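A short write-up of the structure that comes next.
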Amino acid sequence: MCADYTPSRKEKIEEHFGVQSSQLVLPPEAWPGYIAPILLRASNKDPSELEVAPAMFGMVPHWADHKLARQTYNARTETVASKPSFRSAWNRKQFCIIPAANFFEPNYETGKPVRWRIERVDGEPVAIAGIWEYRPADQLLSFSMLTINADGHPLMQRFHKPGDEKRMVMILDPEQYQGWLDGSLVSEEDVFLQYPADFLIAQPDPLPPRKTAKSAAKADVAPPDSLF
């Protein structure tokens, strides 16, 4: 699960993804309910072109209140096609990429949850696979990150509560970007593989003192299965 990450900055998005981006006012870190940039297929243009759009972290379908974003920030690849919050977006192939400088997960190896920062070894954006929804009534674009099982992963199995299933965000390689966005890779098993641990680096990065314990706990909250 991932409930806290650092959105990639404008310059890094343009350099890595080869797309022009308007200057967005971004939070230092993005939590469910925050606005952050996502990458989509450009509308009414060459299908190979991308565009950057501001969107709410946490899927909000047309029938839901904005508060649902606190529970729908992650979607399990095993159930995303059937769960009420996600199935419409999935069936319409509304896929996106979430550009992240890094993301955070709780580590319990000391007996208490300690926030760790995970990022790519080469410093490039972590391209997280996601799905998006748009509500015309309030012009809200929102998104969720896709997660896969991380049991046995040398790095990601170190996170979350002991005894809980290990999960990790689904990370894309550059050659998969277009295929993910146009939906052609959705049926390919290779795209749902665990990202190699050798390409990632992690280190402790505790929450600043001004963050409350309640905020810190968000990084390890399991949403109710009725929605996921």
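Within each chain, counting starts at residue 1; across the structure tokens, chains are named A, B, ... in the order shown, with ligands numbered 1 upward in that order.
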Enumerate, in order of chain and increasing residue number, the residues of region 60-139 of chain A with an atom no farther than 6 Å from region 24-44 of chain A, each with its shortest atom pair and distance in Å to one decimal, counting only C-alpha atoms, as JSON lines.
{"residue": "A:Ala69", "atom": "CA", "partner": "A:Gly33", "partner_atom": "CA", "distance": 5.6}
{"residue": "A:Arg70", "atom": "CA", "partner": "A:Pro32", "partner_atom": "CA", "distance": 5.1}
{"residue": "A:Cys96", "atom": "CA", "partner": "A:Leu40", "partner_atom": "CA", "distance": 5.2}
{"residue": "A:Ile97", "atom": "CA", "partner": "A:Leu39", "partner_atom": "CA", "distance": 5.0}
{"residue": "A:Ile98", "atom": "CA", "partner": "A:Ile38", "partner_atom": "CA", "distance": 4.8}
So that I can see what lies close to Asn91 (chain A), please list as a list of chain:residue names the residues with an atom at most 12 Å from it, counting only C-alpha atoms and leaving out residues fewer than 2 positions away in the same chain. A:Val80, A:Ala81, A:Ser82, A:Lys83, A:Pro84, A:Ser85, A:Phe86, A:Arg87, A:Ser88, A:Ala89, A:Lys93, A:Gln94, A:Phe95, A:Ile131, A:Trp132, A:Glu133, A:Gly183, A:Val186
Store the residues picked out above in a file with C-alpha atoms, as a short mmCIF file (atom, residue, chain, number, x, y, z; two decimals), in the first residue's frame.
data_model
loop_
_atom_site.label_atom_id
_atom_site.label_comp_id
_atom_site.auth_asym_id
_atom_site.auth_seq_id
_atom_site.Cartn_x
_atom_site.Cartn_y
_atom_site.Cartn_z
CA VAL A 80 -9.58 -3.76 -9.66
CA ALA A 81 -11.80 -5.00 -12.50
CA SER A 82 -14.62 -6.01 -10.15
CA LYS A 83 -14.67 -3.61 -7.20
CA PRO A 84 -17.33 -0.83 -7.33
CA SER A 85 -14.90 2.05 -6.89
CA PHE A 86 -12.68 1.02 -9.81
CA ARG A 87 -14.42 -1.24 -12.29
CA SER A 88 -15.91 1.49 -14.49
CA ALA A 89 -12.56 3.20 -14.97
CA LYS A 93 -9.29 1.61 -20.01
CA GLN A 94 -8.75 4.89 -18.19
CA PHE A 95 -5.11 4.24 -17.39
CA ILE A 131 -6.28 4.39 -13.19
CA TRP A 132 -8.25 7.62 -13.34
CA GLU A 133 -11.84 8.86 -13.13
CA GLY A 183 -4.55 -0.46 -22.71
CA VAL A 186 -3.42 -4.87 -19.63
#
Could you pull out all residues of chain A with a DSSP call of alpha helix (DSSP H) and give them as number ranges by chain? A: 10-17, 87-91, 177-181, 213-217
Do a neighbour search on Ser22 (chain A) at 12 Å with only C-alpha atoms, toss out local chain neighbours closer than 2 positions, and write the hits as a ChimeraX atom specification. /A:9-11,13-14,19-20,24-26,37,51-54
